[in-house]
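First up is the structure itself, then whatever we jot down about it.
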Amino acid sequence: YSARVYYDKGRIPLAIEALKSALELDDDNPLYHRFLAECHEKNQETNESIDHYEKALNLDPELLDIVYRLGNKYKIVGNHMAIIRLYERAIKKAPTNALYYFELGEAYRKENRLDKAIRSYERALRFNPEFIEAIYSLGGIYETRETFSKLITLYEEAIKTYPTNVKAHFELGKAYARQSVYKKSVKVFRKVIQLDSHHREVFLELGSLLYENG
């Protein structure tokens with residue numbers, strides 16, 4: 001109780017001391033560890049926050065509200081393998097959580113394990129087809145691998161949901177151009193200009209396309 005009062009008043013060091021005292025009496029209480037992690041997070045003490053989020057989750061794997069917070073802390077310290085382990089375990093508890101698959105894909109991508117990243121993004125989109133960040137990330141891998149037919153399908157579906165999304169249109173136009181689908185590419189690039197007349201890259205792409213095709 002005193003820790004909560006201190007926390008609410010912004011007296012975080014005192015809240016931390018109160019929680020440490022409580023843990024001396026009950027070190028297996030996951031809620032104490034979670035609250036202590038939040039206090040350290042508030043104090044920008046990343047490593048301490050990670051330590052107590054991990055302890056809370058190990059004590060009670062059902063505390064899935066911790067997962068995303070802990071994952072973000074791992075990002076800060078650049079521990080992508082820990083992120084992979086975290087979200088693989090979380091997915092077993094919540095197998096239809098699109099965000100978990102997306103974060104798993106991001107970690108795999110950072111580790112250059114692109115096949116697993118693709119599968120993770122695809123699963124994220126299976127459970128949330130409108131997950132635009134997953135669309136962008138998956139599209140980035142398709143572009144790197146020059147799998148333009150998949151890239152075209154991905155963004156054609158995306159603009160059905162997001163008809164005014166400039167990035168989706170621009171990426172679709174580029175994919176058409178790489179596949180030499182000239183007329184569709186020009187049409188989409190002109191749509192980008194209609195949506196954003198200050199989009200410098202599209203003028204370069206469209207100009208190059210018109211020059212090359214007379």
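All residue names refer to the structure tokens as shown: chains lettered A, B, ... in order, residues numbered from 1 in each chain, ligands numbered from 1 in order.
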
Contacts of stretch 139-153 of chain A within 7 Å, only C-alpha atoms, excl. fewer than 6 positions in-chain, as number ranges by chain: A: 172, 175-176, 179

Output of the above residues as a CSV table (one decimal), in the first residue's frame, restricted to C-alpha atoms:
```csv
chain,number,residue,atom,x,y,z
A,172,LEU,CA,2.8,-0.8,-55.1
A,175,ALA,CA,6.7,-3.1,-57.5
A,176,TYR,CA,4.7,-2.7,-60.8
A,179,GLN,CA,7.8,-6.1,-62.9
```

For A:Leu14: contacts at 12 Å, only C-alpha atoms, fewer than 3 positions along chain excluded, given as a VMD selection string: chain A and resid 2 to 11 17 to 21 36 39 to 40 43

Take the residues just selected and output them with N, CA, C and O atoms as a compact mmCIF listing (two decimals), in the first residue's frame.
```txt
# COMPACT_ATOMS: atom_id res chain seq x y z
N SER A 2 1.89 1.30 0.86
CA SER A 2 2.74 2.49 0.93
C SER A 2 3.47 2.72 -0.38
O SER A 2 3.66 3.86 -0.81
N ALA A 3 3.87 1.62 -1.07
CA ALA A 3 4.56 1.75 -2.35
C ALA A 3 3.67 2.43 -3.37
O ALA A 3 4.11 3.29 -4.14
N ARG A 4 2.39 2.08 -3.39
CA ARG A 4 1.45 2.70 -4.32
C ARG A 4 1.26 4.18 -4.02
O ARG A 4 1.20 5.00 -4.94
N VAL A 5 1.19 4.51 -2.74
CA VAL A 5 1.05 5.92 -2.36
C VAL A 5 2.27 6.71 -2.81
O VAL A 5 2.13 7.79 -3.41
N TYR A 6 3.45 6.18 -2.56
CA TYR A 6 4.68 6.86 -2.98
C TYR A 6 4.72 7.00 -4.51
O TYR A 6 5.09 8.05 -5.04
N TYR A 7 4.33 5.94 -5.19
CA TYR A 7 4.36 5.96 -6.66
C TYR A 7 3.41 7.03 -7.20
O TYR A 7 3.78 7.81 -8.08
N ASP A 8 2.21 7.06 -6.68
CA ASP A 8 1.22 8.03 -7.14
C ASP A 8 1.65 9.46 -6.87
O ASP A 8 1.24 10.39 -7.59
N LYS A 9 2.46 9.65 -5.84
CA LYS A 9 2.95 11.00 -5.52
C LYS A 9 4.26 11.33 -6.26
O LYS A 9 4.82 12.41 -6.06
N GLY A 10 4.70 10.39 -7.09
CA GLY A 10 5.94 10.62 -7.84
C GLY A 10 7.21 10.42 -7.05
O GLY A 10 8.29 10.80 -7.51
N ARG A 11 7.10 9.82 -5.90
CA ARG A 11 8.28 9.58 -5.05
C ARG A 11 8.78 8.16 -5.31
O ARG A 11 8.67 7.26 -4.48
N GLU A 17 11.99 1.33 -2.48
CA GLU A 17 12.43 0.82 -1.18
C GLU A 17 11.31 0.06 -0.48
O GLU A 17 11.55 -1.00 0.13
N ALA A 18 10.09 0.56 -0.57
CA ALA A 18 8.95 -0.12 0.06
C ALA A 18 8.72 -1.49 -0.57
O ALA A 18 8.45 -2.48 0.12
N LEU A 19 8.85 -1.58 -1.90
CA LEU A 19 8.64 -2.85 -2.58
C LEU A 19 9.77 -3.83 -2.29
O LEU A 19 9.53 -5.04 -2.14
N LYS A 20 10.99 -3.33 -2.18
CA LYS A 20 12.10 -4.21 -1.82
C LYS A 20 11.89 -4.81 -0.43
O LYS A 20 12.18 -5.99 -0.19
N SER A 21 11.37 -4.00 0.48
CA SER A 21 11.08 -4.51 1.83
C SER A 21 9.99 -5.57 1.78
O SER A 21 10.07 -6.59 2.47
N LEU A 36 7.52 -3.39 -8.99
CA LEU A 36 8.89 -2.90 -8.83
C LEU A 36 9.51 -2.64 -10.21
O LEU A 36 10.22 -1.65 -10.40
N CYS A 39 8.29 0.62 -11.40
CA CYS A 39 8.97 1.72 -10.71
C CYS A 39 10.35 1.98 -11.34
O CYS A 39 10.72 3.13 -11.59
N HIS A 40 11.08 0.90 -11.58
CA HIS A 40 12.39 1.06 -12.22
C HIS A 40 12.25 1.62 -13.63
O HIS A 40 13.07 2.44 -14.07
N ASN A 43 11.82 5.18 -13.46
CA ASN A 43 13.09 5.79 -13.09
C ASN A 43 14.14 5.65 -14.20
O ASN A 43 15.29 6.00 -13.99
```

Residues near A:Tyr68, cut-off 10 Å, only C-alpha atoms, skip fewer than 5 positions along chain, as a PyMOL selection string: chain A and resi 73-74+83+86-87+90+99-100+103

Top pick for closest residue to A:Thr161, considering A:Tyr136, A:Phe102, A:Phe131, A:Tyr53 and counting only C-alpha atoms: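 Using only C-alpha atoms, the shortest distance to A:Thr161 belongs to A:Phe131.
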
Picked from stretch 44-109 of chain A by DSSP as alpha helix (DSSP H), as a ChimeraX atom specification: /A:46-59,65-77,80-93,98-109

Which polymer residues have any atom within 12 Å of an atom of A:Asp115, counting only C-alpha atoms, with same-chain residues fewer than 3 positions away left out, as a PDB file with N, CA, C and O atoms, in the first residue's frame?
```pdb
ATOM      1  N   GLY A 105       8.434 -11.321 -35.520  1.00  0.00           N
ATOM      2  CA  GLY A 105       8.968 -11.094 -36.854  1.00  0.00           C
ATOM      3  C   GLY A 105      10.027 -10.013 -36.876  1.00  0.00           C
ATOM      4  O   GLY A 105      11.062 -10.146 -37.551  1.00  0.00           O
ATOM      5  N   GLU A 106       9.792  -8.939 -36.132  1.00  0.00           N
ATOM      6  CA  GLU A 106      10.769  -7.848 -36.072  1.00  0.00           C
ATOM      7  C   GLU A 106      12.101  -8.341 -35.501  1.00  0.00           C
ATOM      8  O   GLU A 106      13.170  -7.978 -35.999  1.00  0.00           O
ATOM      9  N   TYR A 108      13.232 -11.503 -35.477  1.00  0.00           N
ATOM     10  CA  TYR A 108      13.851 -12.389 -36.460  1.00  0.00           C
ATOM     11  C   TYR A 108      14.502 -11.581 -37.587  1.00  0.00           C
ATOM     12  O   TYR A 108      15.589 -11.920 -38.073  1.00  0.00           O
ATOM     13  N   ARG A 109      13.834 -10.511 -38.012  1.00  0.00           N
ATOM     14  CA  ARG A 109      14.391  -9.680 -39.088  1.00  0.00           C
ATOM     15  C   ARG A 109      15.697  -9.040 -38.644  1.00  0.00           C
ATOM     16  O   ARG A 109      16.664  -8.975 -39.416  1.00  0.00           O
ATOM     17  N   GLU A 111      17.748 -10.242 -36.629  1.00  0.00           N
ATOM     18  CA  GLU A 111      18.750 -11.315 -36.595  1.00  0.00           C
ATOM     19  C   GLU A 111      19.017 -11.884 -37.986  1.00  0.00           C
ATOM     20  O   GLU A 111      19.745 -12.862 -38.123  1.00  0.00           O
ATOM     21  N   ASN A 112      18.405 -11.278 -39.007  1.00  0.00           N
ATOM     22  CA  ASN A 112      18.566 -11.699 -40.409  1.00  0.00           C
ATOM     23  C   ASN A 112      18.066 -13.128 -40.649  1.00  0.00           C
ATOM     24  O   ASN A 112      18.541 -13.812 -41.571  1.00  0.00           O
ATOM     25  N   ILE A 118       9.318 -13.718 -42.175  1.00  0.00           N
ATOM     26  CA  ILE A 118       8.198 -13.743 -43.113  1.00  0.00           C
ATOM     27  C   ILE A 118       7.025 -14.525 -42.531  1.00  0.00           C
ATOM     28  O   ILE A 118       5.874 -14.057 -42.565  1.00  0.00           O
ATOM     29  N   ARG A 119       7.299 -15.712 -42.008  1.00  0.00           N
ATOM     30  CA  ARG A 119       6.229 -16.529 -41.437  1.00  0.00           C
ATOM     31  C   ARG A 119       5.534 -15.807 -40.285  1.00  0.00           C
ATOM     32  O   ARG A 119       4.305 -15.878 -40.136  1.00  0.00           O
ATOM     33  N   SER A 120       6.321 -15.103 -39.483  1.00  0.00           N
ATOM     34  CA  SER A 120       5.735 -14.384 -38.340  1.00  0.00           C
ATOM     35  C   SER A 120       4.847 -13.236 -38.810  1.00  0.00           C
ATOM     36  O   SER A 120       3.745 -13.048 -38.295  1.00  0.00           O
ATOM     37  N   TYR A 121       5.325 -12.467 -39.784  1.00  0.00           N
ATOM     38  CA  TYR A 121       4.504 -11.368 -40.312  1.00  0.00           C
ATOM     39  C   TYR A 121       3.234 -11.897 -40.968  1.00  0.00           C
ATOM     40  O   TYR A 121       2.154 -11.304 -40.810  1.00  0.00           O
ATOM     41  N   GLU A 122       3.363 -12.983 -41.703  1.00  0.00           N
ATOM     42  CA  GLU A 122       2.188 -13.555 -42.367  1.00  0.00           C
ATOM     43  C   GLU A 122       1.150 -14.008 -41.349  1.00  0.00           C
ATOM     44  O   GLU A 122      -0.060 -13.836 -41.557  1.00  0.00           O
ATOM     45  N   LEU A 138       6.760  -6.830 -43.874  1.00  0.00           N
ATOM     46  CA  LEU A 138       6.753  -7.956 -44.797  1.00  0.00           C
ATOM     47  C   LEU A 138       7.094  -7.483 -46.210  1.00  0.00           C
ATOM     48  O   LEU A 138       7.882  -8.113 -46.926  1.00  0.00           O
ATOM     49  N   ILE A 141      10.824  -7.054 -46.791  1.00  0.00           N
ATOM     50  CA  ILE A 141      11.559  -8.293 -47.068  1.00  0.00           C
ATOM     51  C   ILE A 141      11.290  -8.760 -48.492  1.00  0.00           C
ATOM     52  O   ILE A 141      12.204  -9.179 -49.214  1.00  0.00           O
ATOM     53  N   TYR A 142      10.017  -8.697 -48.914  1.00  0.00           N
ATOM     54  CA  TYR A 142       9.698  -9.078 -50.292  1.00  0.00           C
ATOM     55  C   TYR A 142      10.505  -8.237 -51.286  1.00  0.00           C
ATOM     56  O   TYR A 142      11.002  -8.741 -52.298  1.00  0.00           O
ATOM     57  N   ARG A 145      14.147  -9.287 -51.356  1.00  0.00           N
ATOM     58  CA  ARG A 145      14.305 -10.572 -52.048  1.00  0.00           C
ATOM     59  C   ARG A 145      13.825 -10.521 -53.504  1.00  0.00           C
ATOM     60  O   ARG A 145      13.896 -11.526 -54.212  1.00  0.00           O
TER      61      ARG A 145
END
```

Spatial neighbours of A:Val188, max dist 12 Å, only C-alpha atoms, sep filter under 2 positions, as a PyMOL selection string: chain A and resi 152+155-156+159+163-177+181-186+190-195+202-203+205-206

Write the residues of the preceding selection, restricted to N, CA, C and O atoms, as a CSV table (one decimal), in the first residue's frame.
```
chain,number,residue,atom,x,y,z
A,152,ILE,N,3.3,-7.1,-54.9
A,152,ILE,CA,2.2,-6.5,-55.5
A,152,ILE,C,0.9,-7.0,-54.9
A,152,ILE,O,0.0,-6.2,-54.6
A,155,TYR,N,0.4,-5.3,-51.4
A,155,TYR,CA,0.0,-3.9,-51.4
A,155,TYR,C,-1.3,-3.6,-52.1
A,155,TYR,O,-2.1,-2.7,-51.8
A,156,GLU,N,-1.7,-4.5,-53.1
A,156,GLU,CA,-3.0,-4.4,-53.7
A,156,GLU,C,-4.1,-4.6,-52.6
A,156,GLU,O,-5.1,-3.9,-52.6
A,159,ILE,N,-4.2,-1.5,-50.1
A,159,ILE,CA,-4.9,-0.2,-50.5
A,159,ILE,C,-6.4,-0.4,-50.6
A,159,ILE,O,-7.1,0.6,-50.6
A,163,PRO,N,-7.2,3.1,-48.7
A,163,PRO,CA,-7.2,3.7,-50.0
A,163,PRO,C,-6.5,5.1,-50.2
A,163,PRO,O,-6.2,5.5,-51.3
A,164,THR,N,-6.2,5.7,-49.0
A,164,THR,CA,-5.4,7.0,-49.1
A,164,THR,C,-4.0,6.9,-48.5
A,164,THR,O,-3.4,7.9,-48.2
A,165,ASN,N,-3.6,5.7,-48.3
A,165,ASN,CA,-2.2,5.4,-47.8
A,165,ASN,C,-1.2,5.7,-48.8
A,165,ASN,O,-1.0,4.9,-49.8
A,166,VAL,N,-0.4,6.7,-48.7
A,166,VAL,CA,0.6,7.1,-49.7
A,166,VAL,C,1.7,6.1,-49.8
A,166,VAL,O,2.0,5.7,-50.9
A,167,LYS,N,2.2,5.6,-48.7
A,167,LYS,CA,3.3,4.6,-48.7
A,167,LYS,C,2.9,3.4,-49.5
A,167,LYS,O,3.6,2.8,-50.3
A,168,ALA,N,1.7,2.9,-49.2
A,168,ALA,CA,1.2,1.6,-49.8
A,168,ALA,C,1.1,1.8,-51.3
A,168,ALA,O,1.5,0.9,-52.1
A,169,HIS,N,0.6,3.0,-51.7
A,169,HIS,CA,0.5,3.2,-53.2
A,169,HIS,C,1.9,3.3,-53.8
A,169,HIS,O,2.1,2.8,-54.9
A,170,PHE,N,2.7,4.0,-53.1
A,170,PHE,CA,4.1,4.2,-53.7
A,170,PHE,C,4.8,2.9,-53.8
A,170,PHE,O,5.5,2.6,-54.9
A,171,GLU,N,4.8,2.1,-52.8
A,171,GLU,CA,5.4,0.8,-52.9
A,171,GLU,C,4.8,-0.1,-53.9
A,171,GLU,O,5.5,-0.8,-54.6
A,172,LEU,N,3.5,0.0,-54.1
A,172,LEU,CA,2.8,-0.8,-55.1
A,172,LEU,C,3.3,-0.3,-56.5
A,172,LEU,O,3.6,-1.1,-57.4
A,173,GLY,N,3.4,1.0,-56.7
A,173,GLY,CA,3.9,1.6,-58.0
A,173,GLY,C,5.3,1.1,-58.3
A,173,GLY,O,5.6,0.7,-59.4
A,174,LYS,N,6.1,1.1,-57.3
A,174,LYS,CA,7.5,0.6,-57.5
A,174,LYS,C,7.5,-0.9,-57.9
A,174,LYS,O,8.3,-1.3,-58.8
A,175,ALA,N,6.7,-1.7,-57.2
A,175,ALA,CA,6.7,-3.1,-57.5
A,175,ALA,C,6.2,-3.3,-59.0
A,175,ALA,O,6.7,-4.2,-59.7
A,176,TYR,N,5.1,-2.6,-59.4
A,176,TYR,CA,4.7,-2.7,-60.8
A,176,TYR,C,5.8,-2.4,-61.7
A,176,TYR,O,6.0,-3.0,-62.8
A,177,ALA,N,6.6,-1.3,-61.4
A,177,ALA,CA,7.7,-0.9,-62.3
A,177,ALA,C,8.7,-1.9,-62.4
A,177,ALA,O,9.2,-2.2,-63.5
A,181,VAL,N,5.2,-3.6,-65.4
A,181,VAL,CA,3.8,-3.4,-65.6
A,181,VAL,C,3.6,-1.9,-65.7
A,181,VAL,O,3.2,-1.2,-64.8
A,182,TYR,N,4.0,-1.3,-66.9
A,182,TYR,CA,4.2,0.1,-67.1
A,182,TYR,C,2.9,0.9,-66.8
A,182,TYR,O,3.0,1.9,-66.0
A,183,LYS,N,1.8,0.6,-67.4
A,183,LYS,CA,0.6,1.4,-67.3
A,183,LYS,C,0.1,1.4,-65.9
A,183,LYS,O,-0.3,2.5,-65.4
A,184,LYS,N,0.1,0.3,-65.2
A,184,LYS,CA,-0.3,0.3,-63.8
A,184,LYS,C,0.6,1.1,-62.9
A,184,LYS,O,0.1,1.8,-62.0
A,185,SER,N,1.9,1.0,-63.2
A,185,SER,CA,2.8,1.7,-62.4
A,185,SER,C,2.6,3.2,-62.5
A,185,SER,O,2.6,4.0,-61.5
A,186,VAL,N,2.5,3.7,-63.7
A,186,VAL,CA,2.2,5.1,-64.0
A,186,VAL,C,0.9,5.6,-63.3
A,186,VAL,O,0.9,6.6,-62.6
A,190,ARG,N,0.7,8.3,-60.2
A,190,ARG,CA,-0.1,9.5,-60.3
A,190,ARG,C,-1.1,9.7,-59.2
A,190,ARG,O,-1.4,10.8,-58.8
A,191,LYS,N,-1.5,8.5,-58.7
A,191,LYS,CA,-2.4,8.5,-57.5
A,191,LYS,C,-1.6,9.0,-56.3
A,191,LYS,O,-2.1,9.8,-55.5
A,192,VAL,N,-0.3,8.6,-56.2
A,192,VAL,CA,0.5,9.1,-55.1
A,192,VAL,C,0.6,10.6,-55.1
A,192,VAL,O,0.5,11.3,-54.1
A,193,ILE,N,0.8,11.2,-56.3
A,193,ILE,CA,1.0,12.6,-56.5
A,193,ILE,C,-0.4,13.3,-56.1
A,193,ILE,O,-0.4,14.4,-55.5
A,194,GLN,N,-1.5,12.6,-56.4
A,194,GLN,CA,-2.8,13.2,-56.1
A,194,GLN,C,-2.9,13.2,-54.6
A,194,GLN,O,-3.5,14.2,-54.0
A,195,LEU,N,-2.4,12.2,-53.9
A,195,LEU,CA,-2.6,12.1,-52.4
A,195,LEU,C,-1.6,13.0,-51.7
A,195,LEU,O,-1.8,13.5,-50.6
A,202,VAL,N,8.4,10.1,-55.6
A,202,VAL,CA,7.5,9.6,-56.7
A,202,VAL,C,7.7,10.4,-58.0
A,202,VAL,O,7.6,9.8,-59.1
A,203,PHE,N,8.1,11.6,-57.9
A,203,PHE,CA,8.4,12.4,-59.1
A,203,PHE,C,9.7,11.8,-59.8
A,203,PHE,O,9.7,11.7,-61.0
A,205,GLU,N,10.7,8.6,-59.5
A,205,GLU,CA,10.3,7.3,-60.0
A,205,GLU,C,9.5,7.5,-61.3
A,205,GLU,O,9.8,6.8,-62.3
A,206,LEU,N,8.5,8.3,-61.3
A,206,LEU,CA,7.7,8.5,-62.4
A,206,LEU,C,8.4,9.1,-63.6
A,206,LEU,O,8.3,8.7,-64.7
```

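Residue nearest A:Ile84, chosen from A:Ala117, A:Ala56, A:Asp27, A:Leu64 and counting only C-alpha atoms: A:Ala117.
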
Atom CA of A:His199 to atom CA of A:Lys187, distance in Å rounded to a single decimal: 15.3 Å
